[in-house]
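Inspection log for the structure reproduced underneath, given as structure tokens.
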Amino acid sequence: MAKSHDLLVIGAGPGGYIAAIRAAQLGLDVACVEGEAALGGTCLRIGCIPSKALLEASQRLYEAQHHSAEFGIEISGIRLDLARMLQRKDEVVRSLTQGVAQLLKKNKVTRYEGWASFLSPSRVNIQASSGSLEVVAKHVVIATGSSVTPLPGVVLDGDRVGTSTEALSYSEVPKHLVVIGAGVIGLEMGSVWSRLGAQVTVLEFLDRILPGMDSEIANEAKRIFEKQGLVFRLGAKVVGASAQGNECSVQIEGEAPLSCDRVLLAVGRRPNTEGLNLAAAGVELDSKGRVIVDEAFRTKTPGVYAIGDVIAGPMLAHKAEEEGVACVEHIVKGFSHINYDAIPNVVYTHPEIASVGKTEEELKAAGVDYRKGSFPFIANARAKALGATQGRVKVLADSQTDRILGVHILGPHAGDLIAEAAVAIEFGASAEDLARSSHAHPTLAEALKEAALAVDGRALNI
């Protein structure tokens, strides 16, 4: 006999498990199905969290090796214990996946382990190692996330030529790592292994790094990364990559092959919709394989919804979380809201890069008249005390209304600083509002205040 629930969430990543919890808070009988034994999705298991653990560890080593003397601290005998570093990364992940399981249990969400496929819009088959079962639900939310986009000619062997999954667990530091793609994942993982001693070459098809981010900030970041040792080859079209033994060869159109001992493919991600039998639910996909939904995350089939990486928009964990909450609140309450212009994006390199709202390129393309204010961290007292003065804050505001349209930060703790800007955009604040708000001294946040002042040409500390 089929199990019955008010809501079934397919996928226990950031969007899925948050949707399940919020729905349970709203009084629904909720179930969540996930094929992996550990909950949390790609972000928690093999993405955001483990990569940040390695970024933090590798940066601490790099600082100790290269910058401790600046602070009057002489350190000798520093060595890398890669096995322990990887072990700690796994411990962090294990703790958090167990935490997600406890959250579902606490909120009385029924958990099914297995792979889901639709039998009809309201009936789902769950295939587990122990057999299969059928679940019936009034509402079904598809939250199956995304996976690595393949590249023609690049032969992934799960070892020498791999994805970010393999790059999180190299058993030894590569002599030469070639990263295909200069986006967020490529730069973060390239930074990790560069700090640990690898020669890193980043190949990018476009003529810039970090496509989609503000170009002025991205170009400044590239110069900083090059000083750190990363080598960029832009306009490089990779047509093949393969491994023979411990050696790899990367073929670039019009150029000689590039030899290395590890290859990381990081050219983007694609939605996970295969195997769901979406046709049985009447769910339609767009030209990029994403589930088509309306503003309330409804597919054309009543009772079937989709959120996160399987629908249009940036593939960000926190975007999926917001959509999960909005989706189930619309199911229960009949209304919901997300301001996509107020969803930030962060690159956890050193220095960090963070943005929210529109870029200059987007404003120019839309014909929006804007003003710009910029303030460098080298003029910020706290940044000087930290020894982290690279980068700047840039605020973009409407020329007529002064409303903040975008904020872009390259610098220390940019990922934390961007939260203030996201709140400002969410509440429709002006640059003047931000400029007149008192910021504690000395703090990095003062750079944001100064950039807001600079929009009107009246920065005080530069």
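Chain labels run A, B, ... following the order of the structure tokens; each chain numbers its residues from 1, and ligands are numbered from 1 in the order shown.
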Residue contacts of range 170-178 of chain A (9 Å, only C-alpha atoms) excluding same-chain residues fewer than 4 positions away, as a compact mmCIF listing (two decimals) with C-alpha atoms, in the first residue's frame:
```
# COMPACT_ATOMS: atom_id res chain seq x y z
CA LEU A 82 47.50 16.89 3.88
CA ALA A 83 45.92 13.74 5.30
CA LEU A 86 41.41 16.26 4.41
CA ASP A 159 41.08 10.38 -10.81
CA GLU A 166 37.93 14.59 -6.99
CA GLY A 190 42.71 26.32 -8.01
CA TRP A 193 46.01 23.68 -4.45
CA SER A 194 48.12 26.68 -5.44
CA LEU A 196 49.46 24.05 -0.96
CA GLY A 197 52.27 24.14 -3.50
CA ALA A 198 50.88 23.17 -6.90
CA GLN A 199 51.58 24.99 -10.12
CA VAL A 200 48.11 25.98 -11.32
CA THR A 201 47.14 26.96 -14.86
CA VAL A 202 43.59 28.16 -15.47
CA LEU A 203 42.20 27.84 -18.99
CA VAL A 250 45.06 18.90 -22.40
CA LEU A 258 49.50 21.16 -22.27
CA SER A 259 51.00 18.50 -20.00
CA CYS A 260 50.17 18.17 -16.32
CA ASP A 261 49.46 15.56 -13.66
CA ARG A 262 45.91 16.62 -12.72
CA VAL A 263 43.01 18.19 -14.62
CA LEU A 264 40.00 19.82 -12.98
CA LEU A 265 36.95 20.35 -15.18
```
request  = Compile the contact shell of Gly428 in chain A as a PyMOL selection string: residues with an atom at most 8 Å away, counting only C-alpha atoms, same-chain residues fewer than 4 positions apart removed.
outcome  = chain A and resi 403-404+424
What does the file look like for those residues with C-alpha atoms, as a compact mmCIF listing (two decimals), in the first residue's frame?
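Printed below is again_32.txt as written:
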```txt
# COMPACT_ATOMS: atom_id res chain seq x y z
CA ARG A 403 18.45 53.93 -4.90
CA ILE A 404 21.19 51.31 -4.58
CA ALA A 424 19.89 47.64 1.84
```
query = With distances taken over only C-alpha atoms, which of A:Asp294, A:Asp286, A:Glu420, A:Glu220 is nearest to His439 in chain A?
reply =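 Once distances to His439 in chain A are computed over only C-alpha atoms, the minimum belongs to A:Glu420.
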request  = Might you pull out every residue within 7 Å of Gly40 in chain A, with only C-alpha atoms counted and same-chain residues fewer than 4 positions away left off, and present them as a list in words?
outcome  =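 Near Gly40 in chain A, the qualifying residues are Ala12, Gly13, Pro14, Leu44, Arg45, Thr97 and Val100 of chain A.
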Please produce an output containing N, CA and C atoms for each residue in the selection, written as a PDB file, in the first residue's frame.
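Final file, again-v1.pdb:
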```pdb
ATOM      1  N   ALA A  12      17.342  16.332  -0.908  1.00  0.00           N
ATOM      2  CA  ALA A  12      17.606  16.859   0.439  1.00  0.00           C
ATOM      3  C   ALA A  12      18.808  17.782   0.456  1.00  0.00           C
ATOM      4  N   GLY A  13      18.970  18.567  -0.610  1.00  0.00           N
ATOM      5  CA  GLY A  13      19.992  19.604  -0.616  1.00  0.00           C
ATOM      6  C   GLY A  13      19.476  20.834   0.111  1.00  0.00           C
ATOM      7  N   PRO A  14      20.188  21.957   0.008  1.00  0.00           N
ATOM      8  CA  PRO A  14      19.777  23.174   0.727  1.00  0.00           C
ATOM      9  C   PRO A  14      18.343  23.594   0.441  1.00  0.00           C
ATOM     10  N   LEU A  44      26.584  20.547   0.602  1.00  0.00           N
ATOM     11  CA  LEU A  44      27.123  20.153   1.903  1.00  0.00           C
ATOM     12  C   LEU A  44      28.127  19.005   1.771  1.00  0.00           C
ATOM     13  N   ARG A  45      27.820  18.021   0.929  1.00  0.00           N
ATOM     14  CA  ARG A  45      28.648  16.816   0.880  1.00  0.00           C
ATOM     15  C   ARG A  45      29.920  16.985   0.050  1.00  0.00           C
ATOM     16  N   THR A  97      26.072  17.037   7.917  1.00  0.00           N
ATOM     17  CA  THR A  97      25.075  16.124   7.338  1.00  0.00           C
ATOM     18  C   THR A  97      24.260  15.459   8.440  1.00  0.00           C
ATOM     19  N   VAL A 100      21.655  17.910   9.574  1.00  0.00           N
ATOM     20  CA  VAL A 100      20.476  17.979   8.715  1.00  0.00           C
ATOM     21  C   VAL A 100      19.518  16.839   9.048  1.00  0.00           C
TER      22      VAL A 100
END
```
request  = Please identify all polymer residues within 6 Å of range 382-388 of chain A, counting only C-alpha atoms, omitting same-chain residues fewer than 4 positions from it, and present them as a PyMOL selection string.
outcome  = chain A and resi 442-444
Export of prior selection with N, CA and C atoms as an mmCIF file, in the first residue's frame:
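This is the output file out-v3.cif:
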```cif
data_model
loop_
_atom_site.group_PDB
_atom_site.id
_atom_site.type_symbol
_atom_site.label_atom_id
_atom_site.label_comp_id
_atom_site.auth_asym_id
_atom_site.auth_seq_id
_atom_site.Cartn_x
_atom_site.Cartn_y
_atom_site.Cartn_z
ATOM 1 N N PRO A 442 37.296 50.849 14.489
ATOM 2 C CA PRO A 442 37.639 50.558 13.092
ATOM 3 C C PRO A 442 37.043 49.223 12.653
ATOM 4 N N THR A 443 36.341 49.216 11.557
ATOM 5 C CA THR A 443 35.797 47.990 10.973
ATOM 6 C C THR A 443 35.937 48.023 9.463
ATOM 7 N N LEU A 444 35.905 46.834 8.877
ATOM 8 C CA LEU A 444 35.938 46.733 7.415
ATOM 9 C C LEU A 444 34.669 47.330 6.807
#
```
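The spacing separating CA of Arg233 in chain A from CA of Glu204 in chain A amounts to 6.3 Å.
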request  = Using CA of Leu316 in chain A and CA of Val346 in chain A as the two end points, give the distance in Å to one decimal.
outcome  =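 These atoms are spaced 9.5 Å apart.
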query = Any idea what's packed within 8 Å of Gln390 in chain A, counting only C-alpha atoms, ignoring anything in its chain fewer than 2 positions away? Could you give it as a ChimeraX atom specification?
reply = /A:224,351,376-378,388,392,410-412
Give me a file of those residues, with C-alpha atoms, as a JSON list (two decimals), in the first residue's frame.
```json
[["chain", "number", "residue", "atom", "x", "y", "z"],
["A", 224, "ILE", "CA", 45.82, 39.75, -7.53],
["A", 351, "PRO", "CA", 40.67, 38.14, -1.10],
["A", 376, "PRO", "CA", 39.81, 51.01, -1.60],
["A", 377, "PHE", "CA", 40.58, 48.83, 1.41],
["A", 378, "ILE", "CA", 44.09, 50.29, 1.52],
["A", 388, "ALA", "CA", 44.59, 42.76, 4.12],
["A", 392, "ARG", "CA", 37.77, 47.78, -2.98],
["A", 410, "LEU", "CA", 36.77, 42.59, -3.57],
["A", 411, "GLY", "CA", 38.53, 42.35, -0.26],
["A", 412, "PRO", "CA", 38.76, 40.83, 3.23]]
```
inquiry  = Neighbouring residues of range 47-63 of chain A were defined as those with any atom within 8 Å, considering only C-alpha atoms; residues of the same chain fewer than 5 positions away were excluded. Please report them as a PyMOL selection string.
reply    = chain A and resi 42+68+80+85-86+88-90+92-93+164-165+168+188-189+191-193+195-196+348-350
Filtering to N, CA and C atoms, could you give me those residues as a PDB file, in the first residue's frame?
```pdb
ATOM      1  N   THR A  42      24.675  18.243  -2.824  1.00  0.00           N
ATOM      2  CA  THR A  42      26.017  18.513  -3.336  1.00  0.00           C
ATOM      3  C   THR A  42      26.720  19.587  -2.526  1.00  0.00           C
ATOM      4  N   SER A  68      53.504  35.739   8.261  1.00  0.00           N
ATOM      5  CA  SER A  68      53.591  35.818   9.729  1.00  0.00           C
ATOM      6  C   SER A  68      54.693  36.772  10.181  1.00  0.00           C
ATOM      7  N   LEU A  80      53.065  20.729   5.761  1.00  0.00           N
ATOM      8  CA  LEU A  80      51.694  20.384   5.415  1.00  0.00           C
ATOM      9  C   LEU A  80      51.404  18.941   5.789  1.00  0.00           C
ATOM     10  N   MET A  85      44.450  17.493   7.019  1.00  0.00           N
ATOM     11  CA  MET A  85      43.626  18.555   6.459  1.00  0.00           C
ATOM     12  C   MET A  85      42.371  17.982   5.818  1.00  0.00           C
ATOM     13  N   LEU A  86      42.553  16.899   5.058  1.00  0.00           N
ATOM     14  CA  LEU A  86      41.414  16.256   4.410  1.00  0.00           C
ATOM     15  C   LEU A  86      40.498  15.599   5.434  1.00  0.00           C
ATOM     16  N   ARG A  88      39.970  16.629   8.512  1.00  0.00           N
ATOM     17  CA  ARG A  88      39.173  17.679   9.144  1.00  0.00           C
ATOM     18  C   ARG A  88      38.026  18.113   8.235  1.00  0.00           C
ATOM     19  N   LYS A  89      38.314  18.232   6.950  1.00  0.00           N
ATOM     20  CA  LYS A  89      37.268  18.579   5.980  1.00  0.00           C
ATOM     21  C   LYS A  89      36.132  17.571   6.053  1.00  0.00           C
ATOM     22  N   ASP A  90      36.471  16.295   6.097  1.00  0.00           N
ATOM     23  CA  ASP A  90      35.448  15.248   6.175  1.00  0.00           C
ATOM     24  C   ASP A  90      34.682  15.307   7.492  1.00  0.00           C
ATOM     25  N   VAL A  92      34.050  18.005   9.265  1.00  0.00           N
ATOM     26  CA  VAL A  92      33.122  19.135   9.174  1.00  0.00           C
ATOM     27  C   VAL A  92      31.873  18.721   8.400  1.00  0.00           C
ATOM     28  N   VAL A  93      32.072  18.053   7.274  1.00  0.00           N
ATOM     29  CA  VAL A  93      30.954  17.615   6.447  1.00  0.00           C
ATOM     30  C   VAL A  93      30.081  16.616   7.202  1.00  0.00           C
ATOM     31  N   SER A 164      35.255  18.810  -9.420  1.00  0.00           N
ATOM     32  CA  SER A 164      35.517  19.338  -8.084  1.00  0.00           C
ATOM     33  C   SER A 164      35.418  18.240  -7.027  1.00  0.00           C
ATOM     34  N   THR A 165      34.626  17.213  -7.285  1.00  0.00           N
ATOM     35  CA  THR A 165      34.512  16.107  -6.321  1.00  0.00           C
ATOM     36  C   THR A 165      35.873  15.474  -6.073  1.00  0.00           C
ATOM     37  N   LEU A 168      38.550  17.755  -4.278  1.00  0.00           N
ATOM     38  CA  LEU A 168      38.412  17.934  -2.834  1.00  0.00           C
ATOM     39  C   LEU A 168      39.189  16.889  -2.052  1.00  0.00           C
ATOM     40  N   GLU A 188      38.251  28.825  -6.871  1.00  0.00           N
ATOM     41  CA  GLU A 188      38.360  28.406  -5.474  1.00  0.00           C
ATOM     42  C   GLU A 188      39.250  27.181  -5.337  1.00  0.00           C
ATOM     43  N   MET A 189      39.004  26.152  -6.117  1.00  0.00           N
ATOM     44  CA  MET A 189      39.809  24.934  -5.995  1.00  0.00           C
ATOM     45  C   MET A 189      41.229  25.154  -6.517  1.00  0.00           C
ATOM     46  N   SER A 191      42.833  27.926  -6.184  1.00  0.00           N
ATOM     47  CA  SER A 191      43.490  28.643  -5.090  1.00  0.00           C
ATOM     48  C   SER A 191      43.941  27.688  -3.995  1.00  0.00           C
ATOM     49  N   VAL A 192      43.094  26.727  -3.645  1.00  0.00           N
ATOM     50  CA  VAL A 192      43.450  25.762  -2.604  1.00  0.00           C
ATOM     51  C   VAL A 192      44.762  25.071  -2.933  1.00  0.00           C
ATOM     52  N   TRP A 193      44.837  24.493  -4.121  1.00  0.00           N
ATOM     53  CA  TRP A 193      46.007  23.683  -4.447  1.00  0.00           C
ATOM     54  C   TRP A 193      47.228  24.535  -4.775  1.00  0.00           C
ATOM     55  N   ARG A 195      47.956  27.306  -3.088  1.00  0.00           N
ATOM     56  CA  ARG A 195      48.484  27.623  -1.760  1.00  0.00           C
ATOM     57  C   ARG A 195      49.247  26.444  -1.161  1.00  0.00           C
ATOM     58  N   LEU A 196      48.815  25.237  -1.513  1.00  0.00           N
ATOM     59  CA  LEU A 196      49.461  24.047  -0.959  1.00  0.00           C
ATOM     60  C   LEU A 196      50.704  23.638  -1.726  1.00  0.00           C
ATOM     61  N   TYR A 348      34.932  32.529  -2.621  1.00  0.00           N
ATOM     62  CA  TYR A 348      35.717  32.442  -1.387  1.00  0.00           C
ATOM     63  C   TYR A 348      37.213  32.269  -1.648  1.00  0.00           C
ATOM     64  N   THR A 349      37.719  33.058  -2.559  1.00  0.00           N
ATOM     65  CA  THR A 349      39.159  33.123  -2.785  1.00  0.00           C
ATOM     66  C   THR A 349      39.743  34.056  -1.722  1.00  0.00           C
ATOM     67  N   HIS A 350      41.016  34.389  -1.852  1.00  0.00           N
ATOM     68  CA  HIS A 350      41.609  35.394  -0.964  1.00  0.00           C
ATOM     69  C   HIS A 350      42.307  36.436  -1.827  1.00  0.00           C
TER      70      HIS A 350
END
```
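Using only C-alpha atoms, the contacts of Leu396 in chain A at a cut-off of 9 Å, with sequence neighbours closer than 3 positions omitted, comprise Lys358, Thr359, Glu360, Tyr370, Arg371, Lys372, Gly373, Ser374, Asp402, Arg403, Ile404, Leu405, Gly406, Val407, His408, Ala431, Ala452 and Val455 of chain A.
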Per residue of range 291-398 of chain A within 10 Å of range 146-156 of chain A, record the nearest atom pair and its distance in Å to one decimal, counting only C-alpha atoms, with rows in chain order and ascending residue number, as a tab-separated table.
```
residue	atom	partner	partner_atom	distance
A:Gly308	CA	A:Ser146	CA	8.8
A:Asp309	CA	A:Ser146	CA	5.6
A:Val310	CA	A:Ser146	CA	6.6
A:Ile311	CA	A:Ser146	CA	9.9
A:Met315	CA	A:Ser146	CA	8.1
```
key: Distance of CA of Gly27 in chain A from CA of Val109 in chain A, expressed in Å to one decimal place   =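 CA of Val109 in chain A sits 10.9 Å away from CA of Gly27 in chain A.
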task = Enumerate as an MDAnalysis selection string all residues of range 197-390 of chain A assigned to strand (DSSP E) by DSSP on the backbone, naming them with the chain letters and numbers the document uses.
result = chainID A and resid 199:204 231:234 238:244 247:252 258:260 262:265 269:271 304:306 345:347 352:357 370:376
Okay, now the selection with C-alpha atoms, as a JSON list (two decimals), in the first residue's frame?
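selection-v7.json, written as the output of this step:
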```
[["chain", "number", "residue", "atom", "x", "y", "z"],
["A", 199, "GLN", "CA", 51.58, 24.99, -10.12],
["A", 200, "VAL", "CA", 48.11, 25.98, -11.32],
["A", 201, "THR", "CA", 47.14, 26.96, -14.86],
["A", 202, "VAL", "CA", 43.59, 28.16, -15.47],
["A", 203, "LEU", "CA", 42.20, 27.84, -18.99],
["A", 204, "GLU", "CA", 39.16, 29.95, -19.88],
["A", 231, "VAL", "CA", 48.55, 31.43, -14.43],
["A", 232, "PHE", "CA", 45.63, 32.38, -16.68],
["A", 233, "ARG", "CA", 45.24, 31.59, -20.35],
["A", 234, "LEU", "CA", 42.15, 33.37, -21.61],
["A", 238, "VAL", "CA", 39.82, 23.21, -24.69],
["A", 239, "VAL", "CA", 38.94, 20.46, -27.16],
["A", 240, "GLY", "CA", 40.18, 17.47, -25.22],
["A", 241, "ALA", "CA", 41.81, 16.14, -22.09],
["A", 242, "SER", "CA", 42.81, 12.64, -21.07],
["A", 243, "ALA", "CA", 45.17, 10.73, -18.82],
["A", 244, "GLN", "CA", 47.72, 8.05, -19.45],
["A", 247, "GLU", "CA", 50.29, 12.07, -16.81],
["A", 248, "CYS", "CA", 47.57, 14.15, -18.43],
["A", 249, "SER", "CA", 47.38, 15.95, -21.73],
["A", 250, "VAL", "CA", 45.06, 18.90, -22.40],
["A", 251, "GLN", "CA", 44.38, 19.83, -26.01],
["A", 252, "ILE", "CA", 43.74, 23.49, -26.79],
["A", 258, "LEU", "CA", 49.50, 21.16, -22.27],
["A", 259, "SER", "CA", 51.00, 18.50, -20.00],
["A", 260, "CYS", "CA", 50.17, 18.17, -16.32],
["A", 262, "ARG", "CA", 45.91, 16.62, -12.72],
["A", 263, "VAL", "CA", 43.01, 18.19, -14.62],
["A", 264, "LEU", "CA", 40.00, 19.82, -12.98],
["A", 265, "LEU", "CA", 36.95, 20.35, -15.18],
["A", 269, "ARG", "CA", 26.72, 22.80, -13.84],
["A", 270, "ARG", "CA", 23.52, 21.40, -15.34],
["A", 271, "PRO", "CA", 20.18, 20.56, -13.72],
["A", 304, "VAL", "CA", 4.01, 19.77, -8.93],
["A", 305, "TYR", "CA", 6.63, 22.42, -8.16],
["A", 306, "ALA", "CA", 10.37, 22.92, -8.66],
["A", 345, "ASN", "CA", 26.98, 35.86, -4.72],
["A", 346, "VAL", "CA", 30.34, 35.10, -3.10],
["A", 347, "VAL", "CA", 33.67, 33.73, -4.33],
["A", 352, "GLU", "CA", 37.01, 37.21, -1.28],
["A", 353, "ILE", "CA", 34.73, 38.56, -3.99],
["A", 354, "ALA", "CA", 31.07, 39.32, -3.32],
["A", 355, "SER", "CA", 28.30, 41.01, -5.22],
["A", 356, "VAL", "CA", 24.60, 41.74, -5.03],
["A", 357, "GLY", "CA", 22.30, 43.48, -7.49],
["A", 370, "TYR", "CA", 23.68, 55.48, -12.61],
["A", 371, "ARG", "CA", 26.39, 56.90, -10.39],
["A", 372, "LYS", "CA", 29.32, 54.99, -8.94],
["A", 373, "GLY", "CA", 31.15, 55.28, -5.65],
["A", 374, "SER", "CA", 34.33, 53.33, -4.90],
["A", 375, "PHE", "CA", 36.55, 53.02, -1.87],
["A", 376, "PRO", "CA", 39.81, 51.01, -1.60]]
```
inquiry  = Between A:Ile21, A:Val393, A:Ala281, A:Val33, which residue has the minimum interatomic distance to Leu133 in chain A, considering only C-alpha atoms?
reply    = A:Val33
request  = Looking only at alpha helix (DSSP H) from DSSP on the backbone, list the matching residues of range 254-322 of chain A as a VMD selection string.
outcome  = chain A and resid 317 to 322
ask   = Restricting the calculation to only C-alpha atoms, which member of A:His139, A:Ser215, A:Leu230, A:Arg160 is positioned closest to Phe297 in chain A?
value = A:His139
